[in-house]
Amino acid sequence: MNFNEIKAIYPDAQLIDKPKDTADIISFPFKNKWVQVEKITKTPAELDLLRLLFSAQKNKPHTNTTHSEWQAFLLEEGELPSSEKQGDYRIIQFAILKKDQHFEQKTWLKAFKSMFENCEEAFFIDETTGLLIQNSTVEQLTTDELSGIIQTLDDDFSIKTFCYIGQFWPLDPEFKAIFKEEQLIFNRQKNKGLSLLSLPSVALHYYISDALEKSPLMQNLKQKYTSQTETKELILALWHSQGNISLAAKSLYVHRNTLQYRIDRFYEVSGLSLRNMNDLLLCYLLVF
């Protein structure tokens with residue numbers, strides 16, 4: 001049970017650093033802090049239940065999921081983590097799909113951490129998702145370099161990984177709110193085709209997706225021109241190559257002339273030229 005769950009049952013509960021017991025208030029040990037509730041509003045039976053609950057929490061054996069300062073701060077009600085390092089921090093979110101029964105979580109996490117300089121901490125939230133916190137460094141890997149490394153790691157472990165590379169931010173009270181928004185972005189975008197996500201790669205679609213869904217015009221265009229799998233692949237390949245036909249053809253494993261033919265055929269049907277960046281942008285918005 002986490003503090004949010006306790007708070008949902010007992011709205012008066014507070015998370016404090018030091019216990020405070022009075023005639024009206026009672027405190028219970030909770031992880032590395034204390035949960036304080038109003039005694040006068042609880043029945044004797046409720047107080048006995050609380051004592052039993054927190055006694056079980058206190059005597060629960062330690063596991064590899066023991067919460068750190070970063071976990072408490074980002075996922076619960078903990079305070080800002082203490083760190084001697086200067087500079088900004090970013091959160092790299094990851095989700096592992098298609099793992100088998102031989103997948104070793106600790107071994108993979110160690111390999112994943114080794115990819116990043118100045119890694120402050122990395123941990124799993126559950127069986128398949130987790131976070132890596134990185135302090136800013138002078139030299140940062142490019143998105144293409146990170147994508148290649150993650151692909152190699154996936155091949156070594158026979159898994160499929162989705163990652164969201166967050167922006168660097170100052171470690172201040174706004175940091176957690178920004179992380180929560182990045183978490184929402186990742187959860188909504190991680191199954192949209194790209195295995196490595198960042199704000200520049202998803203912001204356009206994420207922040208206008210609601211408007212697109214409410215538009216009869218856009219929904220009709222989507223159904224009419226981009227419902228076929230081959231068309232979606234064509235549009236995405238051209239978008240991700242920024243309109244470069246040679247790169248798009250290579251990513252689709254087709255000859256350049258074959259791709260040219262598909263572009264011309266799509267223009268004849270739709271009146272939209274995928275060689276024009278405005279038309280390509282419109283089509284990109286339609287395929288999501």
# chains A, B, ... in the order shown; residues from 1 in each chain; ligands from 1

call {"tool": "residues_around", "arguments": {"residues": "Asp24 (chain A)", "least_positions_apart": "5", "cutoff": "8 Å", "atoms": "only C-alpha atoms", "output": "PyMOL selection string"}}
result
chain A and resi 38-40

call {"tool": "residues_around", "arguments": {"residues": "region 99-108 of chain A", "least_positions_apart": "4", "cutoff": "8 Å", "atoms": "only C-alpha atoms", "output": "MDAnalysis selection string"}}
result
chainID A and resid 112 157:160

call {"tool": "closest_atom_pairs", "arguments": {"of": "region 12-48 of chain A", "to": "region 5-8 of chain A", "cutoff": "10 Å", "atoms": "only C-alpha atoms", "output": "JSON lines"}}
result
{"residue": "A:Asp12", "atom": "CA", "partner": "A:Lys7", "partner_atom": "CA", "distance": 7.2}
{"residue": "A:Ala13", "atom": "CA", "partner": "A:Lys7", "partner_atom": "CA", "distance": 5.7}
{"residue": "A:Gln14", "atom": "CA", "partner": "A:Lys7", "partner_atom": "CA", "distance": 7.8}
{"residue": "A:Leu15", "atom": "CA", "partner": "A:Lys7", "partner_atom": "CA", "distance": 9.5}
{"residue": "A:Val35", "atom": "CA", "partner": "A:Ile6", "partner_atom": "CA", "distance": 9.0}
{"residue": "A:Val37", "atom": "CA", "partner": "A:Lys7", "partner_atom": "CA", "distance": 9.8}

call {"tool": "residues_around", "arguments": {"residues": "region 215-220 of chain A", "least_positions_apart": "3", "cutoff": "12 Å", "atoms": "only C-alpha atoms", "output": "list of chain:residue names"}}
result
A:Ile208, A:Ser209, A:Asp210, A:Ala211, A:Leu212, A:Gln223, A:Lys224, A:Tyr225, A:Thr226, A:Ser227, A:Leu282, A:Cys283, A:Tyr284, A:Leu285, A:Leu286, A:Val287, A:Phe288

call {"tool": "write_last_selection", "arguments": {"atoms": "N, CA and C atoms", "output": "PDB file, in the first residue's frame"}}
result
ATOM      1  N   ILE A 208      -2.401  17.838 -30.187  1.00  0.00           N
ATOM      2  CA  ILE A 208      -3.563  18.166 -31.020  1.00  0.00           C
ATOM      3  C   ILE A 208      -4.454  16.941 -31.248  1.00  0.00           C
ATOM      4  N   SER A 209      -4.146  15.815 -30.593  1.00  0.00           N
ATOM      5  CA  SER A 209      -4.885  14.576 -30.836  1.00  0.00           C
ATOM      6  C   SER A 209      -6.365  14.706 -30.518  1.00  0.00           C
ATOM      7  N   ASP A 210      -6.700  15.401 -29.443  1.00  0.00           N
ATOM      8  CA  ASP A 210      -8.115  15.565 -29.079  1.00  0.00           C
ATOM      9  C   ASP A 210      -8.874  16.324 -30.151  1.00  0.00           C
ATOM     10  N   ALA A 211      -8.247  17.378 -30.684  1.00  0.00           N
ATOM     11  CA  ALA A 211      -8.882  18.161 -31.743  1.00  0.00           C
ATOM     12  C   ALA A 211      -9.085  17.322 -33.004  1.00  0.00           C
ATOM     13  N   LEU A 212      -8.113  16.468 -33.315  1.00  0.00           N
ATOM     14  CA  LEU A 212      -8.234  15.608 -34.495  1.00  0.00           C
ATOM     15  C   LEU A 212      -9.385  14.628 -34.342  1.00  0.00           C
ATOM     16  N   GLN A 223     -10.277   7.951 -42.824  1.00  0.00           N
ATOM     17  CA  GLN A 223     -10.940   6.734 -43.275  1.00  0.00           C
ATOM     18  C   GLN A 223     -10.824   6.563 -44.795  1.00  0.00           C
ATOM     19  N   LYS A 224     -10.894   7.673 -45.513  1.00  0.00           N
ATOM     20  CA  LYS A 224     -10.924   7.614 -46.968  1.00  0.00           C
ATOM     21  C   LYS A 224      -9.568   7.322 -47.599  1.00  0.00           C
ATOM     22  N   TYR A 225      -8.502   7.919 -47.022  1.00  0.00           N
ATOM     23  CA  TYR A 225      -7.215   7.854 -47.706  1.00  0.00           C
ATOM     24  C   TYR A 225      -6.099   7.115 -46.968  1.00  0.00           C
ATOM     25  N   THR A 226      -6.207   6.924 -45.668  1.00  0.00           N
ATOM     26  CA  THR A 226      -5.056   6.359 -44.927  1.00  0.00           C
ATOM     27  C   THR A 226      -5.423   5.124 -44.119  1.00  0.00           C
ATOM     28  N   SER A 227      -6.497   4.443 -44.487  1.00  0.00           N
ATOM     29  CA  SER A 227      -6.912   3.277 -43.700  1.00  0.00           C
ATOM     30  C   SER A 227      -6.110   2.018 -44.020  1.00  0.00           C
ATOM     31  N   LEU A 282      -0.049  16.893 -43.081  1.00  0.00           N
ATOM     32  CA  LEU A 282      -1.462  16.567 -42.948  1.00  0.00           C
ATOM     33  C   LEU A 282      -1.680  15.059 -42.922  1.00  0.00           C
ATOM     34  N   CYS A 283      -1.024  14.344 -43.815  1.00  0.00           N
ATOM     35  CA  CYS A 283      -1.169  12.886 -43.877  1.00  0.00           C
ATOM     36  C   CYS A 283      -0.600  12.224 -42.633  1.00  0.00           C
ATOM     37  N   TYR A 284       0.476  12.763 -42.102  1.00  0.00           N
ATOM     38  CA  TYR A 284       1.065  12.226 -40.872  1.00  0.00           C
ATOM     39  C   TYR A 284       0.064  12.321 -39.722  1.00  0.00           C
ATOM     40  N   LEU A 285      -0.638  13.452 -39.632  1.00  0.00           N
ATOM     41  CA  LEU A 285      -1.639  13.612 -38.575  1.00  0.00           C
ATOM     42  C   LEU A 285      -2.801  12.641 -38.743  1.00  0.00           C
ATOM     43  N   LEU A 286      -3.063  12.240 -39.977  1.00  0.00           N
ATOM     44  CA  LEU A 286      -4.184  11.337 -40.241  1.00  0.00           C
ATOM     45  C   LEU A 286      -3.904   9.890 -39.833  1.00  0.00           C
ATOM     46  N   VAL A 287      -2.647   9.489 -39.838  1.00  0.00           N
ATOM     47  CA  VAL A 287      -2.355   8.052 -39.634  1.00  0.00           C
ATOM     48  C   VAL A 287      -2.325   7.661 -38.178  1.00  0.00           C
ATOM     49  N   PHE A 288      -2.527   8.613 -37.253  1.00  0.00           N
ATOM     50  CA  PHE A 288      -2.557   8.279 -35.825  1.00  0.00           C
ATOM     51  C   PHE A 288      -3.988   8.279 -35.324  1.00  0.00           C
TER      52      PHE A 288
END

call {"tool": "atom_distance", "arguments": {"atom1": "CA of Trp239 (chain A)", "atom2": "CA of Leu274 (chain A)"}}
result
8.9 Å

call {"tool": "residues_around", "arguments": {"residues": "Pro173 (chain A)", "least_positions_apart": "2", "cutoff": "9 Å", "atoms": "only C-alpha atoms", "output": "number ranges by chain"}}
result
A: 79-80, 171, 175-177

call {"tool": "write_last_selection", "arguments": {"atoms": "C-alpha atoms", "output": "mmCIF file, in the first residue's frame"}}
result
data_model
loop_
_atom_site.group_PDB
_atom_site.id
_atom_site.type_symbol
_atom_site.label_atom_id
_atom_site.label_comp_id
_atom_site.auth_asym_id
_atom_site.auth_seq_id
_atom_site.Cartn_x
_atom_site.Cartn_y
_atom_site.Cartn_z
ATOM 1 C CA GLU A 79 10.561 15.455 -0.787
ATOM 2 C CA LEU A 80 13.107 16.602 -3.367
ATOM 3 C CA LEU A 171 15.604 19.890 -9.737
ATOM 4 C CA PHE A 175 10.186 18.928 -11.595
ATOM 5 C CA LYS A 176 7.601 16.386 -10.423
ATOM 6 C CA ALA A 177 4.720 18.078 -12.270
#

call {"tool": "atom_distance", "arguments": {"atom1": "CA of Ile16 (chain A)", "atom2": "CA of Phe30 (chain A)"}}
result
9.5 Å

call {"tool": "atom_distance", "arguments": {"atom1": "CA of Phe94 (chain A)", "atom2": "CA of Leu132 (chain A)"}}
result
8.1 Å

call {"tool": "residues_around", "arguments": {"residues": "Asp17 (chain A)", "least_positions_apart": "3", "cutoff": "12 Å", "atoms": "only C-alpha atoms", "output": "list in words"}}
result
Gln14, Lys20, Ser27, Phe28, Pro29, Phe30, Lys31, Asn32, Lys33, Trp34, Val35, Gln36, Glu77, Gly78 and Glu79 of chain A

call {"tool": "write_last_selection", "arguments": {"atoms": "N, CA and C atoms", "output": "PDB file, in the first residue's frame"}}
result
ATOM      1  N   GLN A  14      -1.529  12.513   7.025  1.00  0.00           N
ATOM      2  CA  GLN A  14      -0.415  13.344   6.586  1.00  0.00           C
ATOM      3  C   GLN A  14       0.876  12.552   6.681  1.00  0.00           C
ATOM      4  N   LYS A  20       4.379  12.314  15.941  1.00  0.00           N
ATOM      5  CA  LYS A  20       3.779  13.264  16.869  1.00  0.00           C
ATOM      6  C   LYS A  20       2.498  12.651  17.420  1.00  0.00           C
ATOM      7  N   SER A  27       0.471   8.598  15.325  1.00  0.00           N
ATOM      8  CA  SER A  27       1.386   8.411  14.198  1.00  0.00           C
ATOM      9  C   SER A  27       1.793   6.951  14.080  1.00  0.00           C
ATOM     10  N   PHE A  28       2.004   6.518  12.835  1.00  0.00           N
ATOM     11  CA  PHE A  28       2.413   5.150  12.555  1.00  0.00           C
ATOM     12  C   PHE A  28       3.626   5.158  11.619  1.00  0.00           C
ATOM     13  N   PRO A  29       4.616   4.274  11.876  1.00  0.00           N
ATOM     14  CA  PRO A  29       5.795   4.229  10.991  1.00  0.00           C
ATOM     15  C   PRO A  29       5.403   3.752   9.600  1.00  0.00           C
ATOM     16  N   PHE A  30       5.932   4.458   8.573  1.00  0.00           N
ATOM     17  CA  PHE A  30       5.619   4.115   7.189  1.00  0.00           C
ATOM     18  C   PHE A  30       6.855   4.351   6.340  1.00  0.00           C
ATOM     19  N   LYS A  31       7.508   3.239   5.921  1.00  0.00           N
ATOM     20  CA  LYS A  31       8.754   3.309   5.170  1.00  0.00           C
ATOM     21  C   LYS A  31       9.774   4.128   5.970  1.00  0.00           C
ATOM     22  N   ASN A  32      10.317   5.216   5.408  1.00  0.00           N
ATOM     23  CA  ASN A  32      11.291   6.003   6.167  1.00  0.00           C
ATOM     24  C   ASN A  32      10.660   7.262   6.772  1.00  0.00           C
ATOM     25  N   LYS A  33       9.313   7.283   6.825  1.00  0.00           N
ATOM     26  CA  LYS A  33       8.608   8.425   7.402  1.00  0.00           C
ATOM     27  C   LYS A  33       7.510   7.939   8.352  1.00  0.00           C
ATOM     28  N   TRP A  34       6.571   8.843   8.659  1.00  0.00           N
ATOM     29  CA  TRP A  34       5.470   8.503   9.550  1.00  0.00           C
ATOM     30  C   TRP A  34       4.167   9.008   8.944  1.00  0.00           C
ATOM     31  N   VAL A  35       3.111   8.222   9.136  1.00  0.00           N
ATOM     32  CA  VAL A  35       1.770   8.641   8.735  1.00  0.00           C
ATOM     33  C   VAL A  35       1.024   9.093   9.981  1.00  0.00           C
ATOM     34  N   GLN A  36       0.508  10.310   9.920  1.00  0.00           N
ATOM     35  CA  GLN A  36      -0.194  10.903  11.056  1.00  0.00           C
ATOM     36  C   GLN A  36      -1.684  11.028  10.733  1.00  0.00           C
ATOM     37  N   GLU A  77       4.771  10.872  -2.151  1.00  0.00           N
ATOM     38  CA  GLU A  77       4.699  12.228  -1.611  1.00  0.00           C
ATOM     39  C   GLU A  77       6.031  12.665  -1.002  1.00  0.00           C
ATOM     40  N   GLY A  78       7.120  12.036  -1.468  1.00  0.00           N
ATOM     41  CA  GLY A  78       8.429  12.332  -0.904  1.00  0.00           C
ATOM     42  C   GLY A  78       8.943  13.714  -1.274  1.00  0.00           C
ATOM     43  N   GLU A  79       9.957  14.148  -0.554  1.00  0.00           N
ATOM     44  CA  GLU A  79      10.561  15.455  -0.787  1.00  0.00           C
ATOM     45  C   GLU A  79      11.582  15.388  -1.923  1.00  0.00           C
TER      46      GLU A  79
END

call {"tool": "residues_around", "arguments": {"residues": "Arg90 (chain A)", "least_positions_apart": "5", "cutoff": "6 Å", "atoms": "only C-alpha atoms", "output": "PyMOL selection string"}}
result
chain A and resi 133-134+166-168

call {"tool": "select_by_dssp", "arguments": {"residues": "region 94-169 of chain A", "states": "alpha helix (DSSP H)", "output": "PyMOL selection string"}}
result
chain A and resi 105-113+143-157

call {"tool": "select_by_dssp", "arguments": {"residues": "region 53-273 of chain A", "states": "strand (DSSP E or B)", "output": "JSON, numbers by chain"}}
result
{"A": [89, 90, 91, 92, 93, 94, 95, 96, 97, 119, 120, 121, 122, 123, 124, 129, 130, 131, 132, 133, 134, 135, 160, 161, 162, 163, 164, 165, 169, 196, 197, 198]}

call {"tool": "write_last_selection", "arguments": {"atoms": "N, CA and C atoms", "output": "short mmCIF file (atom, residue, chain, number, x, y, z; two decimals), in the first residue's frame"}}
result
data_model
loop_
_atom_site.label_atom_id
_atom_site.label_comp_id
_atom_site.auth_asym_id
_atom_site.auth_seq_id
_atom_site.Cartn_x
_atom_site.Cartn_y
_atom_site.Cartn_z
N TYR A 89 18.42 17.66 -14.53
CA TYR A 89 18.17 16.22 -14.58
C TYR A 89 17.07 15.93 -15.60
N ARG A 90 17.12 14.70 -16.12
CA ARG A 90 16.02 14.25 -16.98
C ARG A 90 15.62 12.83 -16.59
N ILE A 91 14.36 12.49 -16.92
CA ILE A 91 13.84 11.16 -16.66
C ILE A 91 13.73 10.41 -17.97
N ILE A 92 14.30 9.23 -18.02
CA ILE A 92 14.17 8.35 -19.18
C ILE A 92 13.24 7.21 -18.76
N GLN A 93 12.07 7.17 -19.39
CA GLN A 93 11.09 6.14 -19.07
C GLN A 93 11.26 4.96 -20.02
N PHE A 94 11.07 3.76 -19.50
CA PHE A 94 11.18 2.58 -20.36
C PHE A 94 10.05 1.59 -20.06
N ALA A 95 9.65 0.88 -21.10
CA ALA A 95 8.65 -0.18 -20.99
C ALA A 95 9.13 -1.36 -21.83
N ILE A 96 9.13 -2.54 -21.22
CA ILE A 96 9.64 -3.74 -21.89
C ILE A 96 8.47 -4.61 -22.32
N LEU A 97 8.45 -4.94 -23.60
CA LEU A 97 7.42 -5.81 -24.15
C LEU A 97 8.05 -7.07 -24.70
N CYS A 119 24.46 8.58 -14.57
CA CYS A 119 23.18 7.99 -14.19
C CYS A 119 23.02 8.09 -12.67
N GLU A 120 22.04 8.85 -12.24
CA GLU A 120 21.81 9.04 -10.81
C GLU A 120 21.18 7.80 -10.19
N GLU A 121 20.23 7.22 -10.91
CA GLU A 121 19.53 6.04 -10.39
C GLU A 121 18.66 5.45 -11.49
N ALA A 122 18.37 4.15 -11.37
CA ALA A 122 17.44 3.49 -12.29
C ALA A 122 16.72 2.39 -11.52
N PHE A 123 15.43 2.23 -11.79
CA PHE A 123 14.66 1.22 -11.06
C PHE A 123 13.40 0.86 -11.84
N PHE A 124 12.87 -0.33 -11.54
CA PHE A 124 11.61 -0.76 -12.11
C PHE A 124 10.47 -0.30 -11.21
N THR A 129 7.88 -1.82 -16.48
CA THR A 129 8.15 -0.41 -16.69
C THR A 129 9.06 0.15 -15.60
N GLY A 130 9.79 1.20 -15.94
CA GLY A 130 10.68 1.80 -14.96
C GLY A 130 11.21 3.15 -15.40
N LEU A 131 12.11 3.68 -14.58
CA LEU A 131 12.65 5.01 -14.80
C LEU A 131 14.16 5.01 -14.63
N LEU A 132 14.82 5.88 -15.39
CA LEU A 132 16.24 6.14 -15.20
C LEU A 132 16.40 7.65 -15.05
N ILE A 133 17.11 8.07 -14.02
CA ILE A 133 17.34 9.49 -13.78
C ILE A 133 18.78 9.81 -14.14
N GLN A 134 18.96 10.79 -15.01
CA GLN A 134 20.29 11.15 -15.49
C GLN A 134 20.59 12.61 -15.22
N ASN A 135 21.77 12.86 -14.68
CA ASN A 135 22.26 14.22 -14.49
C ASN A 135 22.86 14.71 -15.81
N LYS A 160 11.63 -6.39 -26.61
CA LYS A 160 11.28 -5.16 -27.31
C LYS A 160 11.09 -4.06 -26.27
N THR A 161 11.85 -2.95 -26.43
CA THR A 161 11.81 -1.88 -25.46
C THR A 161 11.31 -0.59 -26.09
N PHE A 162 10.41 0.09 -25.38
CA PHE A 162 10.00 1.44 -25.73
C PHE A 162 10.59 2.40 -24.70
N CYS A 163 11.16 3.51 -25.18
CA CYS A 163 11.76 4.49 -24.27
C CYS A 163 11.28 5.90 -24.59
N TYR A 164 11.15 6.70 -23.55
CA TYR A 164 10.88 8.12 -23.72
C TYR A 164 12.04 8.89 -23.10
N ILE A 165 12.74 9.67 -23.92
CA ILE A 165 13.88 10.45 -23.45
C ILE A 165 13.37 11.84 -23.05
N TRP A 169 15.73 19.26 -16.82
CA TRP A 169 15.06 20.30 -16.05
C TRP A 169 15.77 20.53 -14.73
N LEU A 196 11.71 4.72 -29.79
CA LEU A 196 12.40 5.73 -29.01
C LEU A 196 11.67 7.06 -29.19
N LEU A 197 11.09 7.54 -28.11
CA LEU A 197 10.28 8.75 -28.15
C LEU A 197 10.97 9.89 -27.43
N SER A 198 10.64 11.11 -27.87
CA SER A 198 11.09 12.32 -27.20
C SER A 198 10.04 13.39 -27.45
#

call {"tool": "residues_around", "arguments": {"residues": "Tyr207 (chain A)", "least_positions_apart": "4", "cutoff": "12 Å", "atoms": "only C-alpha atoms", "output": "list in words"}}
result
Glu181, Leu184, Ile185, Arg188, Gln189, Leu199, Pro200, Ser201, Val202, Ala203, Ala211, Leu212, Glu213 and Leu285 of chain A

call {"tool": "write_last_selection", "arguments": {"atoms": "all heavy atoms", "output": "mmCIF file, in the first residue's frame"}}
result
data_model
loop_
_atom_site.group_PDB
_atom_site.id
_atom_site.type_symbol
_atom_site.label_atom_id
_atom_site.label_comp_id
_atom_site.auth_asym_id
_atom_site.auth_seq_id
_atom_site.Cartn_x
_atom_site.Cartn_y
_atom_site.Cartn_z
ATOM 1 N N GLU A 181 3.606 14.941 -16.535
ATOM 2 C CA GLU A 181 3.145 15.203 -17.902
ATOM 3 C C GLU A 181 3.923 14.345 -18.896
ATOM 4 O O GLU A 181 3.341 13.799 -19.846
ATOM 5 C CB GLU A 181 3.290 16.681 -18.246
ATOM 6 C CG GLU A 181 2.709 17.020 -19.607
ATOM 7 C CD GLU A 181 2.580 18.518 -19.845
ATOM 8 O OE1 GLU A 181 2.749 19.287 -18.874
ATOM 9 O OE2 GLU A 181 2.301 18.914 -20.980
ATOM 10 N N LEU A 184 2.448 10.914 -18.867
ATOM 11 C CA LEU A 184 1.212 10.835 -19.642
ATOM 12 C C LEU A 184 1.505 10.743 -21.141
ATOM 13 O O LEU A 184 0.888 9.961 -21.869
ATOM 14 C CB LEU A 184 0.333 12.060 -19.368
ATOM 15 C CG LEU A 184 -0.401 12.105 -18.030
ATOM 16 C CD1 LEU A 184 -1.089 13.450 -17.859
ATOM 17 C CD2 LEU A 184 -1.412 10.975 -17.916
ATOM 18 N N ILE A 185 2.468 11.556 -21.586
ATOM 19 C CA ILE A 185 2.853 11.530 -22.999
ATOM 20 C C ILE A 185 3.344 10.144 -23.386
ATOM 21 O O ILE A 185 2.938 9.576 -24.409
ATOM 22 C CB ILE A 185 3.938 12.586 -23.285
ATOM 23 C CG1 ILE A 185 3.382 14.001 -23.089
ATOM 24 C CG2 ILE A 185 4.478 12.424 -24.711
ATOM 25 C CD1 ILE A 185 4.433 15.085 -23.155
ATOM 26 N N ARG A 188 0.609 7.419 -23.596
ATOM 27 C CA ARG A 188 -0.305 7.559 -24.729
ATOM 28 C C ARG A 188 0.373 7.332 -26.076
ATOM 29 O O ARG A 188 -0.286 7.003 -27.060
ATOM 30 C CB ARG A 188 -0.957 8.941 -24.720
ATOM 31 C CG ARG A 188 -1.977 9.112 -23.606
ATOM 32 C CD ARG A 188 -2.653 10.462 -23.660
ATOM 33 N NE ARG A 188 -3.365 10.693 -24.915
ATOM 34 C CZ ARG A 188 -4.093 11.773 -25.167
ATOM 35 N NH1 ARG A 188 -4.206 12.724 -24.243
ATOM 36 N NH2 ARG A 188 -4.704 11.926 -26.315
ATOM 37 N N GLN A 189 1.696 7.489 -26.132
ATOM 38 C CA GLN A 189 2.394 7.439 -27.419
ATOM 39 C C GLN A 189 3.258 6.200 -27.618
ATOM 40 O O GLN A 189 3.754 5.978 -28.725
ATOM 41 C CB GLN A 189 3.286 8.683 -27.564
ATOM 42 C CG GLN A 189 2.535 10.000 -27.530
ATOM 43 C CD GLN A 189 1.624 10.195 -28.722
ATOM 44 O OE1 GLN A 189 1.998 9.932 -29.862
ATOM 45 N NE2 GLN A 189 0.407 10.646 -28.465
ATOM 46 N N LEU A 199 10.117 14.488 -26.754
ATOM 47 C CA LEU A 199 9.108 15.529 -26.924
ATOM 48 C C LEU A 199 9.036 16.032 -28.368
ATOM 49 O O LEU A 199 7.929 16.168 -28.908
ATOM 50 C CB LEU A 199 9.388 16.681 -25.960
ATOM 51 C CG LEU A 199 8.326 17.785 -25.914
ATOM 52 C CD1 LEU A 199 6.971 17.226 -25.512
ATOM 53 C CD2 LEU A 199 8.748 18.904 -24.974
ATOM 54 N N PRO A 200 10.165 16.318 -29.036
ATOM 55 C CA PRO A 200 10.054 16.784 -30.430
ATOM 56 C C PRO A 200 9.372 15.785 -31.358
ATOM 57 O O PRO A 200 8.699 16.177 -32.304
ATOM 58 C CB PRO A 200 11.518 17.004 -30.838
ATOM 59 C CG PRO A 200 12.237 17.258 -29.555
ATOM 60 C CD PRO A 200 11.559 16.364 -28.553
ATOM 61 N N SER A 201 9.541 14.492 -31.087
ATOM 62 C CA SER A 201 8.994 13.485 -31.997
ATOM 63 C C SER A 201 7.507 13.235 -31.795
ATOM 64 O O SER A 201 6.842 12.711 -32.691
ATOM 65 C CB SER A 201 9.755 12.154 -31.838
ATOM 66 O OG SER A 201 9.487 11.566 -30.571
ATOM 67 N N VAL A 202 6.954 13.602 -30.639
ATOM 68 C CA VAL A 202 5.546 13.283 -30.370
ATOM 69 C C VAL A 202 4.686 14.498 -30.031
ATOM 70 O O VAL A 202 3.456 14.384 -29.972
ATOM 71 C CB VAL A 202 5.421 12.260 -29.222
ATOM 72 C CG1 VAL A 202 6.144 10.971 -29.555
ATOM 73 C CG2 VAL A 202 5.928 12.847 -27.895
ATOM 74 N N ALA A 203 5.299 15.655 -29.789
ATOM 75 C CA ALA A 203 4.539 16.816 -29.301
ATOM 76 C C ALA A 203 3.423 17.211 -30.258
ATOM 77 O O ALA A 203 2.298 17.505 -29.831
ATOM 78 C CB ALA A 203 5.476 18.001 -29.078
ATOM 79 N N ALA A 211 -8.247 17.378 -30.684
ATOM 80 C CA ALA A 211 -8.882 18.161 -31.743
ATOM 81 C C ALA A 211 -9.085 17.322 -33.004
ATOM 82 O O ALA A 211 -10.116 17.429 -33.679
ATOM 83 C CB ALA A 211 -8.050 19.399 -32.062
ATOM 84 N N LEU A 212 -8.113 16.468 -33.315
ATOM 85 C CA LEU A 212 -8.234 15.608 -34.495
ATOM 86 C C LEU A 212 -9.385 14.628 -34.342
ATOM 87 O O LEU A 212 -10.151 14.386 -35.280
ATOM 88 C CB LEU A 212 -6.928 14.839 -34.713
ATOM 89 C CG LEU A 212 -5.710 15.647 -35.163
ATOM 90 C CD1 LEU A 212 -4.477 14.765 -35.199
ATOM 91 C CD2 LEU A 212 -5.953 16.267 -36.518
ATOM 92 N N GLU A 213 -9.520 14.049 -33.150
ATOM 93 C CA GLU A 213 -10.571 13.066 -32.913
ATOM 94 C C GLU A 213 -11.964 13.688 -32.983
ATOM 95 O O GLU A 213 -12.936 13.019 -33.324
ATOM 96 C CB GLU A 213 -10.354 12.402 -31.553
ATOM 97 C CG GLU A 213 -9.130 11.492 -31.512
ATOM 98 C CD GLU A 213 -8.875 10.930 -30.128
ATOM 99 O OE1 GLU A 213 -9.689 11.226 -29.228
ATOM 100 O OE2 GLU A 213 -7.883 10.193 -29.957
ATOM 101 N N LEU A 285 -0.638 13.452 -39.632
ATOM 102 C CA LEU A 285 -1.639 13.612 -38.575
ATOM 103 C C LEU A 285 -2.801 12.641 -38.743
ATOM 104 O O LEU A 285 -3.414 12.238 -37.766
ATOM 105 C CB LEU A 285 -2.167 15.048 -38.587
ATOM 106 C CG LEU A 285 -1.161 16.153 -38.243
ATOM 107 C CD1 LEU A 285 -1.802 17.520 -38.374
ATOM 108 C CD2 LEU A 285 -0.582 15.960 -36.845
#
